[in-house]
Structure formats: structure tokens, C-alpha cells
>>> print(open('upload_9.cif').read())   # mmCIF, C-alpha atoms and all ligand atoms
data_query
#
loop_
_atom_site.label_atom_id
_atom_site.label_comp_id
_atom_site.auth_asym_id
_atom_site.auth_seq_id
_atom_site.Cartn_x
_atom_site.Cartn_y
_atom_site.Cartn_z
CA VAL N 1 -5.39 63.38 62.57
CA SER N 2 -7.96 66.12 62.12
CA THR N 3 -11.50 65.56 60.85
CA VAL N 4 -10.45 67.17 57.58
CA ASP N 5 -7.68 64.62 57.08
CA GLU N 6 -10.09 61.81 57.84
CA VAL N 7 -12.55 63.14 55.30
CA ILE N 8 -9.79 63.48 52.71
CA LEU N 9 -8.95 59.81 53.14
CA LEU N 10 -12.58 58.90 52.54
CA GLY N 11 -12.18 60.09 48.98
CA GLY N 12 -9.82 57.23 48.16
CA GLU N 13 -6.09 56.65 48.29
CA LEU N 14 -5.22 59.27 45.66
CA MET N 15 -6.95 61.97 47.65
CA PRO N 16 -4.09 63.22 49.86
CA ALA N 17 -1.88 63.68 46.79
CA LEU N 18 -4.69 65.44 44.89
CA MET N 19 -5.36 67.81 47.78
CA GLU N 20 -1.64 68.52 47.93
CA ARG N 21 -1.75 69.50 44.24
CA VAL N 22 -4.72 71.77 44.96
CA GLU N 23 -2.65 73.46 47.69
CA ARG N 24 0.25 74.04 45.27
CA LEU N 25 -2.13 75.63 42.73
CA LEU N 26 -3.62 77.83 45.45
CA GLU N 27 -0.12 78.99 46.40
CA GLU N 28 0.77 79.73 42.78
CA ALA N 29 -2.48 81.57 42.22
CA SER N 30 -1.90 83.78 45.28
CA ALA N 31 1.62 84.76 44.25
CA GLY N 32 3.35 87.03 41.80
CA ASP N 33 1.45 90.31 41.70
CA GLY N 34 3.38 92.54 44.03
CA PRO N 35 3.98 92.28 47.76
CA ASP N 36 0.70 93.87 48.92
CA LEU N 37 -1.72 91.54 47.19
CA GLU N 38 0.55 88.57 47.54
CA GLY N 39 0.98 89.17 51.27
CA ALA N 40 -2.72 89.42 52.06
CA ALA N 41 -3.66 86.57 49.73
CA SER N 42 -1.05 84.18 51.05
CA ASP N 43 -1.89 85.05 54.66
CA THR N 44 -5.48 84.08 53.89
CA LEU N 45 -4.27 80.88 52.31
CA ALA N 46 -1.84 80.04 55.10
CA ALA N 47 -4.59 80.46 57.71
CA GLY N 48 -5.97 77.19 56.36
CA GLY N 49 -9.64 76.31 56.27
CA LYS N 50 -11.39 73.02 55.89
CA ARG N 51 -11.00 72.84 52.08
CA LEU N 52 -14.43 71.31 51.93
CA ARG N 53 -15.41 72.65 48.51
CA PRO N 54 -12.33 71.36 46.64
CA LEU N 55 -12.86 68.06 48.41
CA LEU N 56 -16.35 67.87 46.92
CA VAL N 57 -15.04 68.71 43.45
CA LEU N 58 -12.44 65.96 43.67
CA ILE N 59 -14.76 63.31 45.08
CA CYS N 60 -17.53 64.07 42.55
CA GLY N 61 -14.83 63.96 39.88
CA GLY N 62 -13.98 60.40 40.87
CA SER N 63 -10.75 61.31 42.73
CA ARG N 64 -8.73 60.75 39.56
CA ASP N 65 -5.25 61.85 38.59
CA ASP N 66 -6.49 64.59 36.26
CA GLU N 67 -5.08 68.12 36.08
CA MET N 68 -8.42 69.51 34.88
CA LEU N 69 -10.12 68.24 38.01
CA VAL N 70 -7.40 69.62 40.28
CA ARG N 71 -7.69 73.02 38.59
CA ALA N 72 -11.47 73.06 39.03
CA ALA N 73 -11.04 72.19 42.72
CA ALA N 74 -8.54 75.01 43.25
CA ALA N 75 -10.71 77.47 41.33
CA VAL N 76 -13.66 76.81 43.63
CA GLU N 77 -11.54 77.29 46.75
CA LEU N 78 -10.17 80.57 45.34
CA ILE N 79 -13.75 81.83 44.90
CA HIS N 80 -14.53 80.73 48.43
CA MET N 81 -11.45 82.58 49.73
CA ALA N 82 -12.34 85.70 47.73
CA THR N 83 -15.87 85.74 49.10
CA LEU N 84 -14.65 85.29 52.68
CA VAL N 85 -12.26 88.23 52.35
CA HIS N 86 -15.09 90.38 50.96
CA ASP N 87 -17.64 88.94 53.39
CA ASP N 88 -15.53 90.08 56.33
CA VAL N 89 -15.72 93.65 55.05
CA VAL N 90 -19.50 93.43 54.63
CA ASP N 91 -19.90 91.72 58.02
CA ASN N 92 -17.37 93.90 59.86
CA ALA N 93 -15.63 90.72 61.00
CA LEU N 94 -12.22 90.95 62.66
CA LEU N 95 -11.35 87.30 63.25
CA ARG N 96 -11.30 84.37 60.81
CA ARG N 97 -9.56 81.01 60.97
CA GLY N 98 -8.22 82.15 64.34
CA ARG N 99 -6.39 85.14 62.82
CA PRO N 100 -7.13 88.80 62.09
CA THR N 101 -9.09 89.18 58.82
CA VAL N 102 -7.56 91.10 55.90
CA PHE N 103 -10.20 93.73 56.72
CA ALA N 104 -8.88 93.96 60.32
CA SER N 105 -5.20 94.05 59.42
CA GLY N 106 -5.24 95.94 56.11
CA GLY N 107 -8.56 97.80 56.07
CA ARG N 108 -11.46 97.93 53.64
CA GLU N 109 -9.43 98.88 50.55
CA ALA N 110 -6.88 96.11 50.98
CA ALA N 111 -9.59 93.53 51.60
CA THR N 112 -11.61 94.64 48.57
CA ALA N 113 -8.54 94.43 46.32
CA THR N 114 -7.45 91.07 47.77
CA GLY N 115 -10.88 89.56 47.20
CA ASP N 116 -10.97 90.90 43.62
CA PHE N 117 -7.51 89.50 43.03
CA LEU N 118 -8.42 86.00 44.27
CA PHE N 119 -11.64 86.11 42.28
CA SER N 120 -9.81 86.96 39.04
CA ARG N 121 -7.17 84.31 39.60
CA SER N 122 -9.89 81.73 40.07
CA PHE N 123 -11.44 82.38 36.68
CA ALA N 124 -8.05 82.54 34.94
CA LEU N 125 -7.29 79.11 36.37
CA LEU N 126 -10.65 77.63 35.43
CA ALA N 127 -10.49 79.12 31.93
CA SER N 128 -7.36 77.08 31.28
CA ASN N 129 -9.58 73.99 31.41
CA GLU N 130 -11.04 75.26 28.10
CA ASP N 131 -14.58 74.24 28.93
CA ASP N 132 -17.18 77.03 28.68
CA GLU N 133 -19.67 75.09 30.76
CA GLN N 134 -17.33 74.94 33.75
CA VAL N 135 -16.84 78.71 33.62
CA ARG N 136 -20.58 79.25 33.38
CA VAL N 137 -21.28 77.01 36.38
CA LEU N 138 -18.82 78.86 38.59
CA SER N 139 -19.95 82.24 37.32
CA ASP N 140 -23.59 81.43 38.12
CA ALA N 141 -22.59 80.47 41.67
CA CYS N 142 -20.76 83.79 42.07
CA VAL N 143 -23.81 85.73 40.90
CA ALA N 144 -25.92 83.85 43.46
CA LEU N 145 -23.37 84.63 46.15
CA ALA N 146 -23.49 88.34 45.39
CA ARG N 147 -27.30 88.27 45.47
CA GLY N 148 -27.21 86.42 48.78
CA GLU N 149 -24.86 88.89 50.42
CA LEU N 150 -27.03 91.80 49.25
CA ALA N 151 -30.23 90.10 50.43
CA GLN N 152 -28.64 89.63 53.84
CA ARG N 153 -27.77 93.34 54.06
CA HIS N 154 -31.29 94.18 52.96
CA ASP N 155 -32.74 92.02 55.77
CA ALA N 156 -30.44 93.47 58.44
CA HIS N 157 -32.00 93.98 61.91
CA ARG N 158 -35.29 92.33 60.91
CA VAL N 159 -35.99 89.99 63.80
CA ASP N 160 -39.38 89.12 62.25
CA LEU N 161 -37.64 87.51 59.28
CA ASP N 162 -39.39 84.32 58.15
CA GLU N 163 -37.70 81.00 57.72
CA GLU N 164 -38.38 80.81 54.02
CA ARG N 165 -36.51 84.02 53.34
CA TYR N 166 -33.69 82.85 55.59
CA LEU N 167 -33.40 79.61 53.60
CA LEU N 168 -33.35 81.51 50.32
CA ARG N 169 -30.39 83.52 51.60
CA CYS N 170 -28.57 80.34 52.65
CA GLU N 171 -29.21 78.89 49.24
CA LEU N 172 -27.84 81.91 47.43
CA LYS N 173 -24.80 82.64 49.52
CA THR N 174 -23.65 79.13 50.37
CA ALA N 175 -25.56 76.24 48.81
CA ARG N 176 -25.06 77.33 45.21
CA LEU N 177 -21.27 77.19 45.54
CA PHE N 178 -21.53 73.74 47.10
CA SER N 179 -23.68 72.48 44.24
CA ALA N 180 -21.37 74.16 41.72
CA ALA N 181 -18.44 72.28 43.30
CA CYS N 182 -20.27 68.97 42.80
CA ARG N 183 -21.33 69.88 39.27
CA LEU N 184 -17.78 70.85 38.29
CA GLY N 185 -16.48 67.50 39.52
CA ALA N 186 -19.19 65.72 37.55
CA LEU N 187 -18.36 67.73 34.40
CA ALA N 188 -14.64 67.07 34.66
CA ALA N 189 -15.35 63.36 35.05
CA GLY N 190 -17.79 63.30 32.14
CA ARG N 191 -20.63 61.89 34.25
CA SER N 192 -24.12 61.40 32.85
CA ALA N 193 -26.75 64.14 33.15
CA GLY N 194 -28.63 62.03 35.71
CA GLU N 195 -25.60 61.58 37.92
CA GLY N 196 -24.68 65.24 37.55
CA ALA N 197 -28.17 66.33 38.63
CA ALA N 198 -28.12 64.03 41.68
CA LEU N 199 -24.71 65.36 42.72
CA GLU N 200 -25.84 68.93 42.27
CA ALA N 201 -28.93 68.31 44.41
CA TYR N 202 -26.75 66.66 47.06
CA GLY N 203 -24.46 69.72 47.12
CA ALA N 204 -27.36 72.12 47.42
CA ARG N 205 -28.86 70.36 50.45
CA LEU N 206 -25.50 69.89 52.08
CA GLY N 207 -24.74 73.58 51.57
CA LEU N 208 -27.98 74.60 53.27
CA ALA N 209 -27.18 72.39 56.26
CA PHE N 210 -23.65 73.73 56.34
CA GLN N 211 -24.78 77.37 56.52
CA MET N 212 -27.38 76.56 59.19
CA LEU N 213 -24.69 74.94 61.32
CA ASP N 214 -22.38 77.89 60.71
CA ASP N 215 -25.12 80.19 61.96
CA LEU N 216 -25.56 77.98 65.01
CA LEU N 217 -21.81 78.07 65.68
CA ASP N 218 -21.89 81.87 65.48
CA VAL N 219 -24.19 81.77 68.52
CA SER N 220 -22.63 78.86 70.41
CA GLY N 221 -18.93 79.49 69.72
CA PRO N 222 -16.49 79.27 71.35
CA ALA N 223 -14.02 81.26 69.25
CA GLU N 224 -11.24 78.82 70.11
CA ARG N 225 -13.20 76.20 68.25
CA THR N 226 -14.67 78.19 65.35
CA GLY N 227 -11.80 80.60 64.72
CA LYS N 228 -14.40 83.41 64.60
CA HIS N 229 -15.80 85.70 67.33
CA ARG N 230 -19.08 84.57 68.86
CA GLY N 231 -22.03 86.85 68.13
CA THR N 232 -20.52 88.38 64.97
CA ASP N 233 -23.84 87.97 63.16
CA LEU N 234 -25.90 89.70 65.87
CA LEU N 235 -23.42 92.53 66.29
CA ASP N 236 -23.76 93.23 62.64
CA GLY N 237 -27.56 92.94 62.50
CA THR N 238 -27.67 89.60 60.67
CA VAL N 239 -30.72 87.60 61.72
CA THR N 240 -30.29 83.84 61.32
CA LEU N 241 -32.27 80.71 62.19
CA PRO N 242 -31.25 80.49 65.89
CA LEU N 243 -32.71 83.96 66.54
CA ILE N 244 -35.76 83.35 64.32
CA LEU N 245 -36.59 80.20 66.29
CA ALA N 246 -35.73 81.79 69.65
CA ALA N 247 -38.00 84.75 68.92
CA GLY N 248 -40.87 82.29 68.47
CA ARG N 249 -40.21 80.90 71.93
CA ASP N 250 -39.33 84.02 73.92
CA PRO N 251 -41.60 87.07 73.26
CA GLU N 252 -38.99 89.44 74.66
CA LEU N 253 -36.49 88.23 72.11
CA ALA N 254 -39.04 88.90 69.37
CA GLN N 255 -38.93 92.56 70.43
CA VAL N 256 -35.17 92.91 70.63
CA ASP N 257 -33.64 95.84 68.75
CA LEU N 258 -30.39 94.66 67.20
CA ARG N 259 -29.33 98.24 66.54
CA GLY N 260 -28.90 98.54 70.28
CA ILE N 261 -26.30 95.77 70.35
CA ALA N 262 -23.10 97.75 70.27
CA SER N 263 -20.41 95.67 71.97
CA ARG N 264 -19.14 92.12 71.72
CA GLU N 265 -20.21 91.59 75.35
CA GLU N 266 -23.81 92.56 74.56
CA ALA N 267 -23.80 90.31 71.51
CA GLU N 268 -22.54 87.39 73.58
CA ALA N 269 -25.18 88.00 76.24
CA LEU N 270 -27.83 87.87 73.53
CA CYS N 271 -26.28 84.63 72.23
CA ASP N 272 -26.72 83.16 75.72
CA ARG N 273 -30.38 84.18 75.78
CA ILE N 274 -30.96 82.59 72.41
CA ALA N 275 -29.29 79.41 73.62
CA ASP N 276 -31.47 79.41 76.76
CA THR N 277 -34.62 79.01 74.63
CA GLY N 278 -33.45 75.68 73.21
CA ALA N 279 -33.34 77.17 69.69
CA LEU N 280 -29.86 75.77 69.04
CA GLY N 281 -31.00 72.17 69.37
CA GLU N 282 -33.83 72.88 66.98
CA THR N 283 -31.45 74.56 64.51
CA ARG N 284 -29.19 71.52 64.64
CA ALA N 285 -32.18 69.23 64.05
CA ARG N 286 -33.23 71.21 60.96
CA ALA N 287 -29.70 71.10 59.60
CA LYS N 288 -29.53 67.37 60.17
CA SER N 289 -32.71 66.87 58.26
CA PHE N 290 -31.14 68.63 55.22
CA VAL N 291 -28.11 66.36 55.63
CA SER N 292 -30.45 63.34 55.47
CA ASP N 293 -32.09 64.78 52.35
CA ALA N 294 -28.65 65.27 50.81
CA LYS N 295 -27.76 61.64 51.36
CA ALA N 296 -31.16 60.48 50.07
CA THR N 297 -30.69 62.27 46.72
CA LEU N 298 -27.76 59.96 45.95
CA ARG N 299 -29.55 56.69 46.51
CA GLY N 300 -29.64 54.62 43.34
CA LYS N 301 -28.35 57.59 41.31
CA VAL N 302 -24.57 57.26 41.65
CA ASP N 303 -22.20 54.32 42.02
CA ALA N 304 -21.78 52.70 45.42
CA GLN N 305 -18.28 53.97 46.14
CA LEU N 306 -19.15 57.55 45.32
CA GLU N 307 -22.27 57.29 47.46
CA ARG N 308 -20.21 55.95 50.37
CA SER N 309 -17.66 58.78 50.22
CA LEU N 310 -20.28 61.50 49.92
CA THR N 311 -22.42 60.00 52.66
CA GLU N 312 -19.43 60.07 54.95
CA VAL N 313 -18.69 63.71 54.06
CA ALA N 314 -22.32 64.53 54.86
CA ASN N 315 -22.11 62.70 58.20
CA ARG N 316 -19.01 64.68 59.17
CA ILE N 317 -20.75 67.93 58.29
CA ALA N 318 -23.72 66.96 60.44
CA GLU N 319 -21.28 66.57 63.33
CA ARG N 320 -19.70 69.88 62.52
CA TYR N 321 -18.45 71.77 65.55
CA ALA N 322 -16.00 74.14 63.87
C1 LIG T 401 -17.36 79.74 55.91
O1 LIG T 401 -17.06 78.57 55.22
C2 LIG T 401 -18.42 80.47 55.18
C3 LIG T 401 -19.70 79.78 55.12
C4 LIG T 401 -20.28 79.48 54.01
C5 LIG T 401 -20.37 79.45 56.34
P1 LIG T 401 -16.11 77.46 55.81
O2 LIG T 401 -16.50 77.13 57.20
O3 LIG T 401 -16.03 76.34 54.84
O4 LIG T 401 -14.71 78.21 55.88
P2 LIG T 401 -13.24 77.62 55.96
O5 LIG T 401 -12.74 77.64 54.55
O6 LIG T 401 -13.26 76.25 56.54
O7 LIG T 401 -12.50 78.60 56.81
C1 LIG T 402 -21.25 82.86 54.60
O1 LIG T 402 -21.85 83.50 55.60
C2 LIG T 402 -20.38 83.82 53.84
C3 LIG T 402 -20.31 83.62 52.44
C4 LIG T 402 -20.90 82.71 51.76
C5 LIG T 402 -19.47 84.58 51.72
P1 LIG T 402 -21.21 83.97 56.95
O2 LIG T 402 -21.03 85.43 56.97
O3 LIG T 402 -22.00 83.35 58.04
O4 LIG T 402 -19.77 83.29 56.96
P2 LIG T 402 -18.74 83.51 58.14
O5 LIG T 402 -19.43 83.13 59.42
O6 LIG T 402 -18.33 84.92 58.08
O7 LIG T 402 -17.63 82.55 57.81
MG MG T 403 -19.39 86.54 57.65
MG MG T 404 -21.18 82.77 59.93
#
>>> encode(input="upload_9.cif", output="C-alpha cells")
Amino acid sequence: VSTVDEVILLGGELMPALMERVERLLEEASAGDGPDLEGAASDTLAAGGKRLRPLLVLICGGSRDDEMLVRAAAAVELIHMATLVHDDVVDNALLRRGRPTVFASGGREAATATGDFLFSRSFALLASNEDDEQVRVLSDACVALARGELAQRHDAHRVDLDEERYLLRCELKTARLFSAACRLGALAAGRSAGEGAALEAYGARLGLAFQMLDDLLDVSGPAERTGKHRGTDLLDGTVTLPLILAAGRDPELAQVDLRGIASREEAEALCDRIADTGALGETRARAKSFVSDAKATLRGKVDAQLERSLTEVANRIAERYA
């Protein structure tokens, strides 16, 4: 049993069946528009993924047998998939989920079209819930994502990046979709404004921690565990918390010119130097502190069972190694 399966069970006994329904909707949404799009989209789908965002939608929605909730969960995962396919173009990434990216196998044009396709299918699916607010919530998260990806490009190669700016990027490109997932669950379940706000705040903090740990894993690898090449961020000029903290500890690292990192071997060597400073432990500690904050936002604000499930999800994320 994988960690994902364990987490799914934490959401209650209906959860495996609900996740199965999400999978069916994802398959349907990826099919039926000609072999090119369908091929790339279903390869992306078949490669798997942790399905963390739909899990949050379902849990925050009370893990109920409700088609509207299942559709919202699938819509969020489709946005996530679309952004990954596009992100791999922007990041020049060749490996994802242990397989070649659409960018690697089909090129920039195919990946752009596949991402657009998944994005459109997501909104078509969510629109069938006939709730304007749900569409607005997901749309706002997508706008944030786009801003985050652009901000990251804008900051490329800047080793003197400050932590505040780094956190803003994490918020835009990752945390907003996490909080949207929680909000959508709350909306579908008709929760009170107070509960909805607590869930949204939980998602935002969890999302920050999640991105920080992802950035750590980019440095630590190994690819067999993460399904992505180690050092992808450095090779592509993306400065993240491990390097920011390492530069504060090793003056030579503060002077490093990322434009000079041209091969995967050089990127991995730089990863090792970052790790040597102890910056990875510090990155993990910062992420864990956001995980604690996430759990704290729920206290006294949501019912005990919901708090238990979400606390357990947060604990698993804090232990994240892939
Ligand atoms: C990867 O997200 C992108 C980030 C926000 C770090 P996940 O690690 O959730 O990707 P999958 O869906 O499990 O592959
Ligand atoms: C998250 O950032 C990507 C998006 C939110 C689109 P990364 O670029 O770190 O994600 P990975 O490492 O490629 O999965
Ligand atoms: Mg990337
Ligand atoms: Mg990454």
C-alpha cells in the first residue's frame, strides 16, 4: 500500500470509490478529440501522480457521494495536469512521474496544445456544476499560477533573491491551487463562511510547505524517488530556498553564476554543494513549520473528523520524500 492509498483511506470509507470516480472523469476528459491530443493527455494521466489536490477537494467536501464534488475534484486535477505539461516547457524539463514529459516526447507545440486542451476540459467540467462561484475560485487560482510562473522566469539566475519574494512565488504558483481545492470542497458541501475560510487558510499553508519540499527534493533527488531529474531547477536558472539559504552559509555559492551551469552533471555537483551547507535540513524545518501552521488554522474551526483527516494529510506531506 502506497502512502497515497493510505491517505485516501484517511478520508473515510467512501474515499476509494470517490477517487475511482475522479479517475473515470479524468479519463473521459482526456479522450475524444483526435489521436494527437488524446494520446499526449492520456499518457500524462496514465503516468499517475499523487492526486493530492482532488483528495483535498473530496475531504473538504465531506467525502460524500455527490457528483458535484467529484466533478470539482477532477476539474482541479485537470488544471494541475495542464499546468505541469506547460510548466515542463517553461522549465525545459524532460522527465516527470518517471517518464518523458510531453515536451520531451512531442516538443513545445504538442505540449502547449495538450496543456490548453486539459485546461479547457477542466472548465467545461466545472461549468457543469452550474455554480459561478466555483468557476471563479478555480479561475482565480489559474491567474495566480500564471503570475507565479512569470515571476519565476523574471527572477531567473538571481542568486541574491530574498526569501519573501521566493515565498510569494510559492504562494502564486502552488499554494493558491491548494487553497482553491479546499474552498471548492467547502462550497460543494455548503459549509459556513467560517469553515470555508479556515479550510482555505489550511490549503494555503500546506501548499507553501508542499512547494518548499518539492524544491528541496529537486536538490536532494534521487530521480528514482521523485520521478524528476535532480537539479532541474538549477539547470534552468530557477533559484529556490535551498540555494537562497546555502548562499547565506557559503560565500562562494553566493557568487555562483547559474548561466554557467550547462550540463546535468554540473547541476548535480551544485546540488551536492548546496546539500553540504546544511541548507536542506533548514529548508525542511521551514516547510514543517508551515505544516504546523496549516494544522493550527483548523483548531476549533472545523468538526473533529474533518480536522483529523486533514491533520493526517498534512503530516504525510511533512514526511514527503517524493
Ligand atoms: C508538482 O506537484 C508540482 C508542484 C506544485 C510542486 P505534485 O508533486 O503534486 O505532482 P504529481 O501530480 O504528484 O505528479
Ligand atoms: C511547480 O513548480 C509547478 C507549477 C505549479 C506549475 P515546479 O516547477 O517546481 O514543479 P515541478 O518540480 O516541475 O513538478
Ligand atoms: Mg517544473
Ligand atoms: Mg520542482
>>> residues_around(input="upload_9.cif", residues="region 223-231 of chain N", least_positions_apart="4", cutoff="12 Å", atoms="all atoms listed in the file", output="JSON, numbers by chain")
{"N": [47, 48, 49, 50, 88, 91, 92, 93, 94, 95, 96, 97, 98, 99, 100, 101, 213, 214, 215, 216, 217, 218, 219, 235, 236, 237, 238, 239, 240, 242, 243, 258, 261, 262, 263, 264, 265, 266, 267, 268, 269, 270, 271, 272, 273, 274, 275, 320, 321, 322]}
>>> residues_around(input="upload_9.cif", residues="Arg71 (chain N)", least_positions_apart="6", cutoff="8 Å", atoms="only C-alpha atoms", output="MDAnalysis selection string")
chainID N and resid 22 25 125:126 129
>>> write_last_selection(input="upload_9.cif", atoms="C-alpha atoms", output="mmCIF file, keeping the file's coordinate frame")
data_model
loop_
_atom_site.group_PDB
_atom_site.id
_atom_site.type_symbol
_atom_site.label_atom_id
_atom_site.label_comp_id
_atom_site.auth_asym_id
_atom_site.auth_seq_id
_atom_site.Cartn_x
_atom_site.Cartn_y
_atom_site.Cartn_z
ATOM 1 C CA VAL N 22 -4.720 71.770 44.960
ATOM 2 C CA LEU N 25 -2.130 75.630 42.730
ATOM 3 C CA LEU N 125 -7.290 79.110 36.370
ATOM 4 C CA LEU N 126 -10.650 77.630 35.430
ATOM 5 C CA ASN N 129 -9.580 73.990 31.410
#
>>> closest_atom_pairs(input="upload_9.cif", of="chain N", to="ligand LIG 402 (chain T)", cutoff="6 Å", atoms="only C-alpha atoms and all ligand atoms", output="tab-separated table")
residue	atom	partner	partner_atom	distance
N:Thr83	CA	T:LIG402	C5	4.6
N:Leu84	CA	T:LIG402	C5	5.0
N:Asp87	CA	T:LIG402	C5	5.0
N:Lys173	CA	T:LIG402	C4	4.5
N:Thr174	CA	T:LIG402	C4	4.7
N:Asp215	CA	T:LIG402	O3	5.9
>>> closest_residue(input="upload_9.cif", among="N:Lys301, N:Arg316, N:His157, N:Arg121", to="Ala201 (chain N)", atoms="all atoms listed in the file")
N:Lys301
>>> residues_around(input="upload_9.cif", residues="Gln255 (chain N)", least_positions_apart="2", cutoff="12 Å", atoms="all atoms listed in the file", output="list in words")
His157, Arg158, Val159, Asp160, Leu243, Ile244, Ala246, Ala247, Gly248, Arg249, Asp250, Pro251, Glu252, Leu253, Asp257, Leu258, Arg259 and Gly260 of chain N
>>> atom_distance(input="upload_9.cif", atom1="atom O3 of ligand LIG 401 (chain T)", atom2="CA of His80 (chain N)")
7.9 Å
>>> atom_distance(input="upload_9.cif", atom1="CA of Ala31 (chain N)", atom2="CA of Phe117 (chain N)")
10.4 Å
>>> closest_residue(input="upload_9.cif", among="N:Val90, N:Leu161, N:Leu168, N:Ala209", to="Asp293 (chain N)", atoms="only C-alpha atoms")
N:Ala209
